[in-house]
Every structure is written in C-alpha cells, then in structure tokens.
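The data block below is run.cif; it holds mmCIF, C-alpha atoms and all ligand atoms; chains and numbers go by the auth columns.
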data_input
#
loop_
_atom_site.group_PDB
_atom_site.id
_atom_site.type_symbol
_atom_site.label_atom_id
_atom_site.label_comp_id
_atom_site.label_asym_id
_atom_site.label_seq_id
_atom_site.Cartn_x
_atom_site.Cartn_y
_atom_site.Cartn_z
_atom_site.B_iso_or_equiv
_atom_site.auth_seq_id
_atom_site.auth_asym_id
ATOM 1 C CA ALA A 1 13.561 -19.792 -7.296 0.00 6 A
ATOM 2 C CA ILE A 2 11.038 -17.326 -8.675 0.00 7 A
ATOM 3 C CA GLU A 3 10.806 -14.493 -6.157 0.00 8 A
ATOM 4 C CA LYS A 4 8.952 -11.226 -5.765 0.00 9 A
ATOM 5 C CA THR A 5 10.583 -8.055 -4.508 0.00 10 A
ATOM 6 C CA PHE A 6 9.301 -4.590 -3.671 0.00 11 A
ATOM 7 C CA ILE A 7 11.005 -1.780 -5.590 0.00 12 A
ATOM 8 C CA MET A 8 10.479 1.947 -5.247 0.00 13 A
ATOM 9 C CA ILE A 9 11.889 4.772 -7.377 0.00 14 A
ATOM 10 C CA LYS A 10 12.431 7.527 -4.807 0.00 15 A
ATOM 11 C CA PRO A 11 11.319 11.190 -5.097 0.00 16 A
ATOM 12 C CA ASP A 12 14.761 12.444 -6.211 0.00 17 A
ATOM 13 C CA ALA A 13 14.789 10.173 -9.268 0.00 18 A
ATOM 14 C CA VAL A 14 11.174 11.011 -10.163 0.00 19 A
ATOM 15 C CA ARG A 15 12.046 14.729 -9.944 0.00 20 A
ATOM 16 C CA ASP A 16 15.134 14.180 -12.090 0.00 21 A
ATOM 17 C CA ARG A 17 13.008 12.363 -14.722 0.00 22 A
ATOM 18 C CA LYS A 18 14.845 9.054 -14.427 0.00 23 A
ATOM 19 C CA ILE A 19 11.763 6.810 -14.265 0.00 24 A
ATOM 20 C CA GLY A 20 12.110 5.672 -17.868 0.00 25 A
ATOM 21 C CA GLU A 21 15.802 4.819 -17.672 0.00 26 A
ATOM 22 C CA ILE A 22 15.339 2.889 -14.433 0.00 27 A
ATOM 23 C CA VAL A 23 12.326 0.947 -15.740 0.00 28 A
ATOM 24 C CA THR A 24 14.295 0.130 -18.911 0.00 29 A
ATOM 25 C CA ARG A 25 17.144 -1.318 -16.855 0.00 30 A
ATOM 26 C CA ILE A 26 14.764 -3.496 -14.848 0.00 31 A
ATOM 27 C CA GLU A 27 13.049 -4.791 -17.986 0.00 32 A
ATOM 28 C CA ARG A 28 16.354 -5.396 -19.802 0.00 33 A
ATOM 29 C CA SER A 29 17.522 -7.522 -16.849 0.00 34 A
ATOM 30 C CA GLY A 30 14.834 -10.078 -17.680 0.00 35 A
ATOM 31 C CA LEU A 31 12.834 -9.466 -14.512 0.00 36 A
ATOM 32 C CA VAL A 32 9.121 -8.769 -14.863 0.00 37 A
ATOM 33 C CA ILE A 33 7.294 -5.711 -13.532 0.00 38 A
ATOM 34 C CA GLU A 34 4.036 -7.165 -12.230 0.00 39 A
ATOM 35 C CA ARG A 35 2.550 -3.980 -10.782 0.00 40 A
ATOM 36 C CA MET A 36 3.617 -0.345 -10.972 0.00 41 A
ATOM 37 C CA GLU A 37 2.040 2.816 -9.623 0.00 42 A
ATOM 38 C CA MET A 38 3.066 6.409 -9.055 0.00 43 A
ATOM 39 C CA THR A 39 1.938 7.758 -5.710 0.00 44 A
ATOM 40 C CA THR A 40 2.916 10.186 -2.960 0.00 45 A
ATOM 41 C CA LEU A 41 3.514 8.359 0.322 0.00 46 A
ATOM 42 C CA ASP A 42 1.981 9.467 3.606 0.00 47 A
ATOM 43 C CA ARG A 43 4.216 9.924 6.603 0.00 48 A
ATOM 44 C CA PRO A 44 2.859 7.046 8.738 0.00 49 A
ATOM 45 C CA THR A 45 3.589 4.571 5.940 0.00 50 A
ATOM 46 C CA VAL A 46 7.143 5.882 5.548 0.00 51 A
ATOM 47 C CA GLU A 47 7.739 5.848 9.312 0.00 52 A
ATOM 48 C CA GLU A 48 6.574 2.232 9.438 0.00 53 A
ATOM 49 C CA HIS A 49 8.765 1.278 6.475 0.00 54 A
ATOM 50 C CA TYR A 50 11.832 2.797 8.156 0.00 55 A
ATOM 51 C CA ALA A 51 10.877 1.907 11.764 0.00 56 A
ATOM 52 C CA HIS A 52 14.162 -0.048 12.155 0.00 57 A
ATOM 53 C CA LEU A 53 15.996 3.284 11.618 0.00 58 A
ATOM 54 C CA ALA A 54 13.885 5.354 14.059 0.00 59 A
ATOM 55 C CA ASP A 55 16.844 5.953 16.400 0.00 60 A
ATOM 56 C CA LYS A 56 19.198 7.149 13.629 0.00 61 A
ATOM 57 C CA PRO A 57 20.031 10.856 13.378 0.00 62 A
ATOM 58 C CA PHE A 58 18.944 10.879 9.718 0.00 63 A
ATOM 59 C CA PHE A 59 15.485 9.361 10.370 0.00 64 A
ATOM 60 C CA GLY A 60 13.557 12.664 10.299 0.00 65 A
ATOM 61 C CA GLY A 61 15.297 13.865 7.157 0.00 66 A
ATOM 62 C CA LEU A 62 14.761 10.494 5.512 0.00 67 A
ATOM 63 C CA CYS A 63 11.001 10.650 6.196 0.00 68 A
ATOM 64 C CA ASP A 64 10.871 14.271 4.940 0.00 69 A
ATOM 65 C CA PHE A 65 12.644 13.217 1.758 0.00 70 A
ATOM 66 C CA MET A 66 10.471 10.163 1.137 0.00 71 A
ATOM 67 C CA THR A 67 7.280 12.249 1.428 0.00 72 A
ATOM 68 C CA SER A 68 8.646 15.208 -0.598 0.00 73 A
ATOM 69 C CA GLY A 69 7.131 14.112 -3.900 0.00 74 A
ATOM 70 C CA PRO A 70 5.795 11.156 -5.827 0.00 75 A
ATOM 71 C CA VAL A 71 7.495 7.770 -5.890 0.00 76 A
ATOM 72 C CA VAL A 72 7.006 4.871 -8.305 0.00 77 A
ATOM 73 C CA LYS A 73 6.306 1.648 -6.450 0.00 78 A
ATOM 74 C CA MET A 74 6.605 -1.740 -8.114 0.00 79 A
ATOM 75 C CA ILE A 75 6.353 -5.455 -7.616 0.00 80 A
ATOM 76 C CA VAL A 76 9.170 -7.082 -9.601 0.00 81 A
ATOM 77 C CA SER A 77 9.373 -10.844 -10.060 0.00 82 A
ATOM 78 C CA GLY A 78 11.637 -13.462 -11.585 0.00 83 A
ATOM 79 C CA PRO A 79 14.469 -15.854 -10.766 0.00 84 A
ATOM 80 C CA SER A 80 16.356 -14.571 -7.686 0.00 85 A
ATOM 81 C CA ALA A 81 14.576 -11.233 -8.085 0.00 86 A
ATOM 82 C CA VAL A 82 15.731 -9.909 -4.675 0.00 87 A
ATOM 83 C CA ALA A 83 19.460 -10.447 -5.295 0.00 88 A
ATOM 84 C CA LYS A 84 19.226 -9.532 -8.961 0.00 89 A
ATOM 85 C CA MET A 85 17.600 -6.180 -8.156 0.00 90 A
ATOM 86 C CA ARG A 86 20.171 -5.470 -5.450 0.00 91 A
ATOM 87 C CA THR A 87 22.933 -6.078 -7.993 0.00 92 A
ATOM 88 C CA LEU A 88 21.213 -3.784 -10.505 0.00 93 A
ATOM 89 C CA MET A 89 20.728 -1.074 -7.840 0.00 94 A
ATOM 90 C CA GLY A 90 24.301 -1.067 -6.497 0.00 95 A
ATOM 91 C CA ALA A 91 25.451 -0.206 -2.990 0.00 96 A
ATOM 92 C CA THR A 92 23.207 1.859 -0.665 0.00 97 A
ATOM 93 C CA ASN A 93 25.825 4.594 -0.480 0.00 98 A
ATOM 94 C CA PRO A 94 26.286 5.958 -4.001 0.00 99 A
ATOM 95 C CA LEU A 95 29.963 6.570 -3.156 0.00 100 A
ATOM 96 C CA ASP A 96 30.357 2.785 -3.007 0.00 101 A
ATOM 97 C CA ALA A 97 28.030 1.971 -5.916 0.00 102 A
ATOM 98 C CA ALA A 98 29.799 0.718 -9.040 0.00 103 A
ATOM 99 C CA PRO A 99 29.441 2.491 -12.377 0.00 104 A
ATOM 100 C CA GLY A 100 26.758 0.759 -14.411 0.00 105 A
ATOM 101 C CA THR A 101 24.519 0.253 -11.391 0.00 106 A
ATOM 102 C CA ILE A 102 21.400 2.426 -10.963 0.00 107 A
ATOM 103 C CA ARG A 103 22.785 4.202 -7.888 0.00 108 A
ATOM 104 C CA GLY A 104 26.296 4.339 -9.350 0.00 109 A
ATOM 105 C CA ASP A 105 24.974 6.143 -12.400 0.00 110 A
ATOM 106 C CA PHE A 106 22.162 8.305 -10.979 0.00 111 A
ATOM 107 C CA ALA A 107 22.703 8.890 -7.252 0.00 112 A
ATOM 108 C CA VAL A 108 25.082 11.351 -5.621 0.00 113 A
ATOM 109 C CA ASP A 109 24.594 10.968 -1.876 0.00 114 A
ATOM 110 C CA VAL A 110 23.237 8.504 0.645 0.00 115 A
ATOM 111 C CA ASP A 111 20.366 10.780 1.705 0.00 116 A
ATOM 112 C CA ALA A 112 18.768 10.600 -1.726 0.00 117 A
ATOM 113 C CA ASN A 113 19.828 7.353 -3.304 0.00 118 A
ATOM 114 C CA VAL A 114 17.281 7.013 -6.129 0.00 119 A
ATOM 115 C CA ILE A 115 15.819 3.553 -5.488 0.00 120 A
ATOM 116 C CA HIS A 116 14.740 1.115 -2.786 0.00 121 A
ATOM 117 C CA GLY A 117 14.679 -2.658 -3.064 0.00 122 A
ATOM 118 C CA SER A 118 13.759 -5.289 -0.496 0.00 123 A
ATOM 119 C CA ASP A 119 16.762 -6.883 1.244 0.00 124 A
ATOM 120 C CA CYS A 120 15.244 -10.388 1.448 0.00 125 A
ATOM 121 C CA VAL A 121 12.196 -12.342 0.312 0.00 126 A
ATOM 122 C CA GLU A 122 10.496 -12.123 3.737 0.00 127 A
ATOM 123 C CA ASN A 123 10.822 -8.340 3.874 0.00 128 A
ATOM 124 C CA GLY A 124 9.670 -8.203 0.262 0.00 129 A
ATOM 125 C CA GLU A 125 6.395 -9.859 1.264 0.00 130 A
ATOM 126 C CA ILE A 126 5.938 -7.432 4.154 0.00 131 A
ATOM 127 C CA GLU A 127 6.731 -4.422 1.971 0.00 132 A
ATOM 128 C CA ILE A 128 4.416 -5.560 -0.842 0.00 133 A
ATOM 129 C CA LYS A 129 1.572 -5.820 1.702 0.00 134 A
ATOM 130 C CA ARG A 130 2.485 -2.453 3.213 0.00 135 A
ATOM 131 C CA PHE A 131 2.564 -0.557 -0.086 0.00 136 A
ATOM 132 C CA PHE A 132 0.023 -2.446 -2.218 0.00 137 A
ATOM 133 C CA GLY A 133 -2.340 -3.752 0.489 0.00 138 A
HETATM 134 P P1 LIG B . 17.364 2.350 1.810 0.00 201 A
HETATM 135 O O1 LIG B . 18.190 1.179 1.415 0.00 201 A
HETATM 136 O O2 LIG B . 16.121 2.636 1.063 0.00 201 A
HETATM 137 O O3 LIG B . 16.976 2.225 3.348 0.00 201 A
HETATM 138 C C1 LIG B . 17.508 3.046 4.366 0.00 201 A
HETATM 139 C C2 LIG B . 17.825 4.392 3.844 0.00 201 A
HETATM 140 O O4 LIG B . 18.351 5.328 4.759 0.00 201 A
HETATM 141 C C3 LIG B . 18.874 4.246 2.792 0.00 201 A
HETATM 142 O O5 LIG B . 18.284 3.675 1.651 0.00 201 A
HETATM 143 C C4 LIG B . 19.388 5.668 2.649 0.00 201 A
HETATM 144 O O6 LIG B . 18.764 6.358 1.600 0.00 201 A
HETATM 145 C C5 LIG B . 18.949 6.330 3.953 0.00 201 A
HETATM 146 N N1 LIG B . 20.044 6.984 4.604 0.00 201 A
HETATM 147 C C6 LIG B . 20.141 8.315 4.804 0.00 201 A
HETATM 148 N N2 LIG B . 21.268 8.616 5.432 0.00 201 A
HETATM 149 C C7 LIG B . 21.925 7.451 5.663 0.00 201 A
HETATM 150 C C8 LIG B . 23.159 7.109 6.289 0.00 201 A
HETATM 151 N N3 LIG B . 23.961 8.034 6.818 0.00 201 A
HETATM 152 N N4 LIG B . 23.499 5.802 6.313 0.00 201 A
HETATM 153 C C9 LIG B . 22.697 4.855 5.775 0.00 201 A
HETATM 154 N N5 LIG B . 21.513 5.138 5.172 0.00 201 A
HETATM 155 C C10 LIG B . 21.136 6.405 5.127 0.00 201 A
#
What does this structure look like when you write it as structure tokens?
Ligand code: CMP
Amino acid sequence: AIEKTFIMIKPDAVRDRKIGEIVTRIERSGLVIERMEMTTLDRPTVEEHYAHLADKPFFGGLCDFMTSGPVVKMIVSGPSAVAKMRTLMGATNPLDAAPGTIRGDFAVDVDANVIHGSDCVENGEIEIKRFFG
C-alpha cells in the first residue's frame, strides 16, 4: 500500500553536512519527498515526541541533543514507505546498523544516530501532525 512516514535528519547529521547524501539516498530508493523543511525544534515538541522514553536515563540528553541545532523534517511517501525507510536507515544503534544503511555509514553512537523514521503507519500520522500541524 502507498504509505506516508515522518522522517527527520537529526542535528548531528545537519552539522556534519550530510543532508544532501541522505536526501539522495531517499530519492534513489524511489520514495517521494512530499514536504521538507529545516527547522530548530522547541523542547516541548521534542519531549512530546519522546514521551514514551521519559523514564529512561538518556531522556534529558536526548532532548538536549534534539534541540541543539536545526533538523530537516520530511514527509516521505510511496509503497511500504515505513518499512522501506527503516531498511534504508538501518538499526537504531549504529553498532548494529549494516554498512550501506544511512546509520551504518554516517552514525557512530546511539545518542546521535543521524535520522528518525516512524516505526508504523499510525505513529507516522501522529508524527506528521505533530511536526507539520
Ligand atoms: P530514535 O529511533 O529516533 O528514537 C529513540 C531515540 O533514543 C533513538 O533514536 C536514539 O537516538 C535515542 N537513544 C539514546 N540513547 C539510547 C539508548 N541507550 N538506547 C536506545 N535509544 C537511545
């Protein structure tokens, strides 16, 4: 089915000037970037996005990191867009991410792992509303 997913290039990758390479990989995959915007997130939005992790020891650091500089937020669509993007991104922990995946090639540690993608269609809808209104 044609799906939409919410994708975000995180502040580490923007700082490291990887926007172009990441966008190229998404476009080469055949998926379509429907919307894209560079913005710096405010803390309440980040805390809401990661609310399910509020009791984790890394929550504060994660929110600091995600507000530390601009991100590039996107709506990406196409056949099985959620799963396809998760394959392109690779495992959450860059230590487990295969070479050739975005995290495998560009990320070094789990605290700053370059890119976010929705984990299912339902969360994609919620995240698209949260970040694009
Ligand atoms: P993401 O998939 O965007 O959503 C949760 C994020 O928490 C994850 O990416 C990681 O960047 C971040 N994170 C930071 N530390 C950890 C950790 N120890 N285990 C899992 N996720 C972590």
(request) Run the PyMOL selection byres (((chain A and resi 41) around 9) and not hetatm) mentally over the shown coordinates, then write out the matched residues as JSON, numbers by chain, using the chain letters and numbers from the document. (result) {"A": [38, 39, 40, 42, 43, 77, 78, 79, 80, 81]}
Residues of segment 29-96 of chain A at most 6 Å from segment 101-123 of chain A: nearest atom pair and distance in Å, all atoms listed in the file, as CSV:
residue,atom,partner,partner_atom,distance
A:Leu93,CA,A:Thr106,CA,5.3
A:Met94,CA,A:Ile107,CA,4.7
A:Gly95,CA,A:Ala102,CA,4.8
A:Ala96,CA,A:Ala102,CA,4.5
(message) Please determine, counting all atoms listed in the file, which residue among A:Ala56, A:Val51, A:Cys125, A:Met90 has the shortest atom-to-atom distance to Ile31 of chain A.
(response)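 The answer is A:Met90, which sits nearest to Ile31 of chain A.
A straight line drawn from atom CA of Phe137 of chain A to atom CA of Glu52 of chain A is 16.2 Å long.
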(request) Between A:Leu58, A:Pro16, A:Lys89, A:Val126, single out the one closest to Arg33 of chain A, counting only C-alpha atoms. (result) A:Lys89
